[in-house]
Amino acid sequence: MEGEGERERKRGGRVCCVCNEARASVKRPKTLQHMCRECFFHAFESEIHHLILNNSLFSPGERVAIGASGGKDSTVLAYVLSKLNRLHNYGLHLFLLSVDEGITGYRDDSLQTVHRNHLQYQLPLQVVSYKDLYGWTMDQIVDVIGFKNNCTFCGVFRRQALDRGAALLKVDKLVTGHNADDIAETVLLNLLRGDVARLSRCTSITTGEDGIYSPNAYRGFAREFIKDLERIRPRAILDIIKSGENFRISTTTKMPEQGTCQRCGYISSQKWCKACVLLDGLNRGLPKLGIGRSRGSVGSENGNGSKVEKSIQGKQCGTLDF
Amino acid sequence: MACNGSGCQSGSCYKDEDATCNQPIKSEETDSTNPTNVCIKCKLNDAVSGYGGIDDGRFCADCFKTNLFGKFRFAVTSNAMITPTDKVLVAFSGGPSSRVALQFVHDMQERAQRNFDASRDRSLPVFGVGVVFIDEGAVLSIPSSEMEEAVEVVREVVSSLVPPRKELHVVPIETVYPSDSGDGKERLIKVMNTVSDPTGREDMLICLRMLALQKVASECGYNRIVLGSCISRIACHVISATVKGQGYSLPADIQYVDARWEVPVVLPLRDCFAQEINMLCHLDGLKTVKLSTGPCSSINGLVSSFVSLLQEENPSRESTIVRTAGKLTPFQFNRIPEIIDGNVPLATRRRQKRYNLKSNESVSSESFCPLCNSPLNKSEIVDWSNMDSHQNSDNFYNTCCSSCQFQILPSDSTSMEQFYMDLPQSMVGRAKQASNGDLSLLREQIQDFLLSDGEDEK
């Protein structure tokens with residue numbers, strides 16, 4: 001749960017302020033301390049260890065999937081978790097879980113990285129593809145829907161893909177490499193768009209859901225704003241999370257009810273979750289269904305859709321037990 | 001969480017299209033609802049535009065003014081901000097927001113005067129109004145000639161707002177030190193120079209300003225302070241407080257009423273946008289002054305440019321931010337205390353009671369940061385039984401909120417000691433009160449009879 005912006009500054013003469021021996025190679029944004037490599041690694045890992053213990057995130061014997069994208073966050077997570085698991089005898093069965101959207105050429109590089117992690121840290125690797133989860137690859141979806149609007153599918157499907165993949169592999173817990181910057185950004189975005197319900201739970205360390213797909217311009221602004229903030233005051237990112245943790249939402253506030261999708265059991269505020277609506281449309285040859293502002297169309301289409309439903313039931317959502 | 005979009009490689013995806021198409025569609029919509037550009041309210045005069053918000057371009061000048069005054073009056077009456085027996089002090093900086101606040105308070109007072117003159121029994125007296133201008137020349141790098149000009153404009157404005165006559169207090173910021181000591185200004189400058197963080201300096205000045213306002217109000221017998229904080233300003237505060245890690249105390253600052261001070265502070269322009277306020281100043285030719293300030297590299301400056309960028313993208317963004325933050329539980333002191341003084345006429349008391357709506361829930365807080373007076377979270381409250389330091393400055397450091405500790409207080413103990421010596425007495429006093437341990441001892445003694453927080457909030 002660290003800012004990843006550790007920039008190595010090669011200034012001669014600085015000595016690590018922890019061990020007072022080795023030459024410092026990092027100015028840690030969280031504390032502004034100059035640290036050497038070894039001390040930084042040690043501090044970083046032990047903080048994660050304490051965080052895991054204090055929040056009792058795991059219990060022995062659990063099957064834990066590490067969401068692995070091949071990026072730096074998830075790579076660090078895989079490394080630290082496998083090391084801590086060995087070092088402190090958590091007794092966890094760890095493995096890497098990757099999602100392949102099925103876009104030709106897109107995941108090749110990152111999947112290779114994940115594959116390297118798999119060999120390096122000796123963690124079993126499971127790749128689940130959109131084809132496995134939904135019966136469609138992104139390429140196939142693009143063939144049907146064209147280049148417009150395909151982001152909606154990719155975004156909605158990806159949000160659930162890790163969860164569905166985890167369920168497919170009978171996993172007890174799923175860990176993701178969201179870092180402090182991501183969470184700070186989420187706190188800000190929820191403030192900006194007025195999402196009180198998410199504001200109250202977005203900083204909690206365990207969650208039942210993934211983030212929300214947000215195509216608005218302000219996400220870009222928020223990212224840039226956080227980068228600017230970090231330049232002025234590195235601590236600001238952790239302060240935002242602290243603020244988020246200390247928000248007490250008034251109990252009289254109306255919260256949207258969080259239900260479950262009637263088809264696949266995934267968390268949904270509507271009758272069907274977005275992925276099921278989109279899938280239904282795809283499978284019925286009406287791929288535009290669920291895109292745009294046609295709210296409430298799900299319920300009304302339910303009746304005449306039941307015939308088609310049967311044929312697809314056995315394939316995607318129906319087989320997943322949540 | 002931050003997973004959107006990266007899977008899309010095609011340039012013509014939904015996201016881009018949406019952003020580019022938004023603008024023309026919106027203007028078409030306004031055109032179709034209002035083809036001839038006539039005010040949608042009175043349907044007589046031409047609408048004016050340029051005041052931002054969702055209503056931009058819908059009202060004529062007169063309806064716009066009535067609407068804006070309506071927001072002010074609704075805020076005042078529905079929170080019992082001003083009752084007939086009150087004596088109200090308007091903090092006037094010369095800027096547009098406080099200028100409009102002053103104007104509206106004056107309009108309201110004028111009406112009350114007319115009603116009073118016309119009524120037979122004269123049971124509801126007219127509230128009194130005073131104006132205060134804080135001269136911050138000691139800490140801002142502003143040429144003294146500019147400050148003199150500003151004061152001149154302020155005098156002119158206040159003297160034009162008659163009848164009823166309003167008293168003007170022009171006070172230097174160093175008034176927070178006792179006037180008989182004579183070294184107030186030097187001590188103030190020393191304190192301010194100790195603060196190295198640019199954001200910390202700005203926030204320290206805000207604390208001192210409030211201290212000065214409180215002092216003027218209590219010495220001259222005012223029982224309300226009116227600030228001109230508008231929704232844009234409050235939205236900025238929401239974001240910057242979040243960024244500074246003040247999520248716990250944030251709700252205290254953004255309500256209509258803030259009665260944690262000796263003299264309660266009210267924000268009647270909490271629902272008005274800065275653009276609307278500027279428009280009103282423009283339409284009515286209200287005179288304002290803007291003091292030249294240097295380039296701003298603080299977090300507050302960064303936040304306000306971020307918020308105005310968002311506001312450009314969506315004209316109701318500021319109000320969304322404030323409404324979202326409004327869902328946070330306020331504190332017990334975020335309402336006007338009820339009048340229990342039997343000498344106050346019954347009619348006044350009845351009127352106050354009618355409008356002073358009880359909020360459904362609130363958080364009680366008994367510890368405050370001695371520097372910024374923000375309520376402290378349980379984790380920030382120091383357990384005095386474990387303290388072994390006998391140094392006053394150390395104790396002071398420990399009673400402050402973590403945000404002040406980081407951005408205002410010096411980190412090494414020698415400069416901390418000096419800083420502590422130069423602080424105004426009232427801040428030092430607040431810390432002493434907390435560290436006496438009376439409260440915690442008292443609390444311990446009556447522990448069995450206190451309701452737990454959970455029960456309290458129900």
# chains A, B, ... in the order shown; residues from 1 in each chain; ligands from 1
$ residues_around --residues "region 240-243 of chain B" --least-positions-apart "5" --cutoff "10 Å" --atoms "only C-alpha atoms" --output "number ranges by chain"
A: 184, 187-188, 191, 226, 229, 233, 235-244, 246-247; B: 234-235, 248-251, 253, 299-304, 403
$ residues_around --residues "region 85-101 of chain B" --least-positions-apart "2" --cutoff "9 Å" --atoms "only C-alpha atoms" --output "PyMOL selection string"
chain B and resi 72+82-83+103-106+124-135+150-151+153-154+157+213+216-217+221-230+268-269+274+277-278+280-281+286-291+344-345+348
$ atom_distance --atom1 "CA of Val257 (chain B)" --atom2 "CA of Arg335 (chain B)"
5.3 Å
$ residues_around --residues "Asp203 (chain B)" --least-positions-apart "2" --cutoff "12 Å" --atoms "only C-alpha atoms" --output "ChimeraX atom specification"
/B:192,195-201,205-210,237,240-241,244,298-301,371-373,403-404,406-409
$ write_last_selection --atoms "N, CA, C and O atoms" --output "CSV table (one decimal), in the first residue's frame"
chain,number,residue,atom,x,y,z
B,192,MET,N,4.7,34.1,12.2
B,192,MET,CA,4.4,33.7,10.8
B,192,MET,C,5.7,33.3,10.1
B,192,MET,O,5.6,32.4,9.2
B,195,VAL,N,6.7,29.6,10.3
B,195,VAL,CA,6.0,28.6,9.5
B,195,VAL,C,6.6,28.5,8.1
B,195,VAL,O,6.6,29.5,7.4
B,196,SER,N,7.2,27.4,7.8
B,196,SER,CA,7.9,27.3,6.6
B,196,SER,C,7.0,26.8,5.4
B,196,SER,O,7.3,27.2,4.3
B,197,ASP,N,6.0,26.0,5.7
B,197,ASP,CA,5.2,25.5,4.6
B,197,ASP,C,4.3,26.6,4.1
B,197,ASP,O,3.6,27.2,4.9
B,198,PRO,N,4.3,26.8,2.8
B,198,PRO,CA,3.4,27.9,2.2
B,198,PRO,C,1.9,27.7,2.6
B,198,PRO,O,1.2,28.7,2.9
B,199,THR,N,1.5,26.5,2.5
B,199,THR,CA,0.1,26.2,2.8
B,199,THR,C,-0.2,26.4,4.3
B,199,THR,O,-1.2,27.0,4.7
B,200,GLY,N,0.8,26.0,5.1
B,200,GLY,CA,0.7,26.3,6.5
B,200,GLY,C,0.6,27.7,6.9
B,200,GLY,O,-0.2,28.1,7.7
B,201,ARG,N,1.3,28.6,6.2
B,201,ARG,CA,1.3,30.0,6.4
B,201,ARG,C,-0.1,30.5,6.1
B,201,ARG,O,-0.7,31.3,6.9
B,205,LEU,N,-2.7,32.1,8.9
B,205,LEU,CA,-3.3,33.4,8.8
B,205,LEU,C,-4.8,33.3,8.9
B,205,LEU,O,-5.5,34.2,9.6
B,206,ILE,N,-5.4,32.2,8.4
B,206,ILE,CA,-6.9,32.1,8.5
B,206,ILE,C,-7.3,31.9,10.0
B,206,ILE,O,-8.2,32.5,10.5
B,207,CYS,N,-6.5,31.1,10.7
B,207,CYS,CA,-6.7,31.0,12.2
B,207,CYS,C,-6.6,32.3,12.9
B,207,CYS,O,-7.5,32.6,13.7
B,208,LEU,N,-5.6,33.1,12.6
B,208,LEU,CA,-5.4,34.3,13.3
B,208,LEU,C,-6.5,35.3,12.9
B,208,LEU,O,-7.0,36.1,13.8
B,209,ARG,N,-6.9,35.3,11.6
B,209,ARG,CA,-8.0,36.2,11.2
B,209,ARG,C,-9.3,35.9,12.0
B,209,ARG,O,-9.9,36.8,12.5
B,210,MET,N,-9.6,34.6,12.2
B,210,MET,CA,-10.8,34.2,12.9
B,210,MET,C,-10.7,34.7,14.4
B,210,MET,O,-11.6,35.2,15.0
B,237,HIS,N,-12.7,24.3,0.0
B,237,HIS,CA,-12.3,23.9,1.3
B,237,HIS,C,-12.5,22.4,1.6
B,237,HIS,O,-11.7,21.7,2.2
B,240,SER,N,-9.6,20.8,-0.2
B,240,SER,CA,-8.3,21.0,0.5
B,240,SER,C,-8.2,20.4,1.9
B,240,SER,O,-7.2,19.9,2.3
B,241,ALA,N,-9.3,20.4,2.6
B,241,ALA,CA,-9.3,19.7,3.9
B,241,ALA,C,-9.1,18.2,3.7
B,241,ALA,O,-8.4,17.6,4.5
B,244,LYS,N,-5.5,17.6,3.2
B,244,LYS,CA,-4.7,17.8,4.3
B,244,LYS,C,-5.0,16.8,5.4
B,244,LYS,O,-4.4,16.9,6.5
B,298,SER,N,0.7,27.2,-3.0
B,298,SER,CA,0.2,26.4,-1.9
B,298,SER,C,-0.8,25.3,-2.4
B,298,SER,O,-1.2,25.4,-3.5
B,299,ILE,N,-1.1,24.4,-1.5
B,299,ILE,CA,-2.1,23.4,-1.8
B,299,ILE,C,-3.5,24.1,-2.0
B,299,ILE,O,-4.2,23.7,-2.9
B,300,ASN,N,-3.7,25.1,-1.2
B,300,ASN,CA,-5.0,25.8,-1.4
B,300,ASN,C,-5.1,26.4,-2.8
B,300,ASN,O,-6.2,26.3,-3.4
B,301,GLY,N,-4.0,26.9,-3.3
B,301,GLY,CA,-4.1,27.5,-4.7
B,301,GLY,C,-4.3,26.4,-5.7
B,301,GLY,O,-5.1,26.6,-6.7
B,371,LEU,N,-4.7,25.4,17.9
B,371,LEU,CA,-4.3,26.3,16.9
B,371,LEU,C,-5.5,26.6,15.9
B,371,LEU,O,-5.8,27.7,15.8
B,372,CYS,N,-6.0,25.6,15.3
B,372,CYS,CA,-7.1,25.8,14.3
B,372,CYS,C,-8.5,25.6,14.9
B,372,CYS,O,-9.5,25.8,14.1
B,373,ASN,N,-8.6,25.2,16.1
B,373,ASN,CA,-9.9,25.0,16.8
B,373,ASN,C,-10.7,23.9,16.1
B,373,ASN,O,-12.0,23.9,16.2
B,403,SER,N,-2.7,17.7,11.4
B,403,SER,CA,-2.6,18.5,10.2
B,403,SER,C,-1.8,19.8,10.6
B,403,SER,O,-0.8,20.2,9.9
B,404,CYS,N,-2.1,20.4,11.7
B,404,CYS,CA,-1.4,21.6,12.2
B,404,CYS,C,0.1,21.2,12.5
B,404,CYS,O,1.0,21.9,12.3
B,406,PHE,N,1.9,19.0,11.3
B,406,PHE,CA,2.7,18.9,10.1
B,406,PHE,C,3.0,20.2,9.4
B,406,PHE,O,4.1,20.5,9.0
B,407,GLN,N,1.9,20.9,9.1
B,407,GLN,CA,2.1,22.1,8.2
B,407,GLN,C,2.3,23.4,8.9
B,407,GLN,O,2.8,24.4,8.2
B,408,ILE,N,2.1,23.5,10.2
B,408,ILE,CA,2.3,24.8,10.8
B,408,ILE,C,3.4,24.8,11.9
B,408,ILE,O,4.3,25.6,11.9
B,409,LEU,N,3.3,23.8,12.8
B,409,LEU,CA,4.3,23.8,13.9
B,409,LEU,C,5.7,23.4,13.4
B,409,LEU,O,5.8,22.5,12.6
$ select_by_dssp --residues "region 39-85 of chain A" --states "strand (DSSP E or B)" --output "JSON, numbers by chain"
{"A": [63, 64, 65, 66, 67]}
